[in-house]
Amino acid sequence: MDKEYDIFISYRHDSPAEKGRNIPTARSIKAEFEKEGLQVFIDQEGCTDWNFINTIIPAIHSCRNFIVMLTQNSLDNCKNDKDWVRREIMEAFISPCKIILISPDGEVPTLPKDIPAELSAIEGVEITNIGVKRKSLGTDIRYLVEKRLFLSSKDKNEAQCVKMHIDTDYDCHVMLFKKEKMLARADEDNLLLLLRGKHKFEFVANGFDKVRTTETVEIKEEDLNSTDYIEVRLKENVVKAIAEWKERERKERERKERESRGEFEVGGVEFKMVYVEGGTFMMGAQNSDPKSPNYDGEALDDESPVHEVELSDYYIGETLVTQALWKAVMGNNPSRFTGDADFPVETVSWDDIVEKFIPALNKKTGRTFRLPTEAEWEFASRGGNKSKRHKYSGSDEIDEVAWNMGNSGGETHPVKGKKANELGLYDMSGNVLEWCSDWFGFYSIGAQYNPQGPDEGSSRVLRGGSFGYKEWGCRVSFRFSYKPNSRSCDFGFRLVLCP
């Protein structure tokens, strides 16, 4: 649009002024301004195709003064982002025009309490201190013009404007209502022409989309006609914001890298999950035939029949869950044997673990930890695909790998105090019994894939033996069970996580 306007009038077509009330209309106000020699645009007379982009936007950007007529309910529909009055005001915010509010009701204009947040910047614009009335409309308009409350062609870029200099160490996109005003270059003269009023800018560091800082710049009367710049210093806050963003990104990257290695942290407590490659193994033991698979002269009836099990990949805890981790998640320590944060947590029931601890842990980590199935536990205890077919987890000599009745002194000991098994897992024999997810039941003879145990039962499985068990109770195939609400000072657990 080649033509420049002195005034653009934004108004509600179905407002009381347009419905015959005894108050000035947009047309009558336009006519009075034109008597004073001003060029005025209103959409009813300036639109040919009623296209907002082709007609309204160019008119707003070509005008020197943008008037909002605050009639009764004129801003009520501004919550709708497709509303023309709202769109006109938003467009005026990013144009070089001066925004003025006029009430044709004859009262000092006020804003609705529930005005949309995006339009709140209206409060910082120049607001005329008079209303205009129908009977004295000509006098009122003449008063406004004589008081030079409007920008004229000669003072548009002089008397009512001031230059703002943006000082920044990083290239920043200067945004106003999510629309870019300019790109402020690092260590360059970044000048922006501002009108009197409050301007709330958002600065987005170039290349760092998550770094956003805001500055409110107020142009006062004494700033106008000043030869000095209004200085906005973004060095400190933008550099600080970028540094903080980089630090958050670094920590998040390191966290993901650690977790890819199975290393986790909760409340300053670190714990590790060991990757177990899936495979097929013979589960259980029997003592009836020395030549049969998994023969063990100490095997009990519930350890047979020996049967084939195939498992998918999973992660399992390098150690038993420690008292430190339990406390970091739950804020308490139910254990009987204390004195070292690396002692395994004990005196916890299956219900405590599944209904309280694991949901809390998953909420803190955003992951899905759970108890191992009995098959997953035994496969890992045997050493997975690296198994050397030891009687205990990692050795045929129990004292190498397990705290048991013969060496424990009748109490638990810190995790990782004995030799690890083939997968690098500790204490899968001895120290404390470990709850599994399964209901207890006798094995079936057929091959199974990722078995979950019986569908129902009265007791849950525990595996691995404890500090109070003799050697036979710490074997990799030994099974024990108890009601899920039971607690004992030798009941503990370790975690599983699926890839």
# chains A, B, ... in the order shown; residues from 1 in each chain; ligands from 1
$ residues_around --residues "Val174 in chain A" --least-positions-apart "4" --cutoff "8 Å" --atoms "only C-alpha atoms" --output "compact mmCIF listing (two decimals) with all heavy atoms, in the first residue's frame"
# COMPACT_ATOMS: atom_id res chain seq x y z
N GLU A 180 9.34 -11.50 14.96
CA GLU A 180 10.68 -10.94 15.04
C GLU A 180 10.72 -9.48 14.59
O GLU A 180 10.21 -9.12 13.54
CB GLU A 180 11.65 -11.77 14.19
CG GLU A 180 13.10 -11.32 14.32
CD GLU A 180 14.08 -12.32 13.73
OE1 GLU A 180 13.69 -13.49 13.55
OE2 GLU A 180 15.20 -11.93 13.45
N LYS A 181 11.33 -8.65 15.44
CA LYS A 181 11.52 -7.24 15.11
C LYS A 181 12.87 -7.02 14.43
O LYS A 181 12.99 -6.19 13.54
CB LYS A 181 11.45 -6.39 16.38
CG LYS A 181 10.08 -6.31 17.01
CD LYS A 181 9.13 -5.47 16.20
CE LYS A 181 9.42 -3.99 16.30
NZ LYS A 181 8.44 -3.16 15.61
N MET A 182 13.89 -7.74 14.89
CA MET A 182 15.22 -7.59 14.31
C MET A 182 16.11 -8.71 14.82
O MET A 182 15.76 -9.42 15.76
CB MET A 182 15.84 -6.24 14.69
CG MET A 182 16.17 -6.11 16.18
SD MET A 182 16.93 -4.53 16.62
CE MET A 182 18.47 -4.65 15.73
N LEU A 183 17.26 -8.87 14.17
CA LEU A 183 18.29 -9.78 14.65
C LEU A 183 19.43 -8.94 15.20
O LEU A 183 20.11 -8.23 14.45
CB LEU A 183 18.79 -10.69 13.53
CG LEU A 183 19.97 -11.62 13.91
CD1 LEU A 183 19.57 -12.58 15.01
CD2 LEU A 183 20.45 -12.41 12.68
N ALA A 184 19.60 -8.95 16.50
CA ALA A 184 20.67 -8.18 17.15
C ALA A 184 21.97 -8.96 17.05
O ALA A 184 22.08 -10.07 17.57
CB ALA A 184 20.32 -7.91 18.60
N PHE A 201 10.04 -7.11 25.29
CA PHE A 201 10.68 -7.91 24.25
C PHE A 201 11.12 -9.26 24.78
O PHE A 201 11.44 -9.41 25.96
CB PHE A 201 11.90 -7.18 23.68
CG PHE A 201 11.58 -5.91 22.95
CD1 PHE A 201 11.79 -4.68 23.53
CD2 PHE A 201 11.06 -5.97 21.67
CE1 PHE A 201 11.50 -3.50 22.86
CE2 PHE A 201 10.76 -4.80 20.98
CZ PHE A 201 10.98 -3.57 21.57
N GLU A 202 11.17 -10.23 23.88
CA GLU A 202 11.76 -11.53 24.19
C GLU A 202 12.98 -11.69 23.29
O GLU A 202 12.92 -11.43 22.10
CB GLU A 202 10.76 -12.66 23.92
CG GLU A 202 11.30 -14.03 24.32
CD GLU A 202 10.27 -15.13 24.10
OE1 GLU A 202 9.47 -15.03 23.15
OE2 GLU A 202 10.28 -16.10 24.86
N PHE A 203 14.08 -12.10 23.89
CA PHE A 203 15.33 -12.26 23.15
C PHE A 203 15.67 -13.75 23.10
O PHE A 203 15.78 -14.41 24.13
CB PHE A 203 16.46 -11.48 23.82
CG PHE A 203 16.20 -10.00 23.86
CD1 PHE A 203 15.54 -9.41 24.92
CD2 PHE A 203 16.61 -9.19 22.81
CE1 PHE A 203 15.29 -8.05 24.96
CE2 PHE A 203 16.37 -7.82 22.83
CZ PHE A 203 15.71 -7.25 23.90
N VAL A 204 15.82 -14.25 21.89
CA VAL A 204 16.11 -15.68 21.68
C VAL A 204 17.51 -15.79 21.09
O VAL A 204 17.77 -15.31 19.99
CB VAL A 204 15.09 -16.34 20.73
CG1 VAL A 204 15.35 -17.83 20.62
CG2 VAL A 204 13.66 -16.07 21.22
$ select_by_dssp --residues "range 252-331 of chain A" --states "strand (DSSP E)" --output "list in words"
Glu263, Phe264, Glu265, Val266, Val269, Glu270, Phe271, Lys272, Met273, Val274, Tyr275, Val276, Gly279, Thr280, Phe281, Met282, Met283, His307, Glu308, Val309, Glu310, Leu311, Tyr314, Tyr315, Ile316 and Gly317 of chain A
$ closest_residue --among "A:Val461, A:Gly473, A:Ala324, A:Asn333" --to "Ala402 in chain A" --atoms "only C-alpha atoms"
A:Gly473
$ atom_distance --atom1 "CA of Glu265 in chain A" --atom2 "CA of Gly384 in chain A"
25.7 Å
$ atom_distance --atom1 "CA of Phe480 in chain A" --atom2 "CA of Arg463 in chain A"
6.1 Å
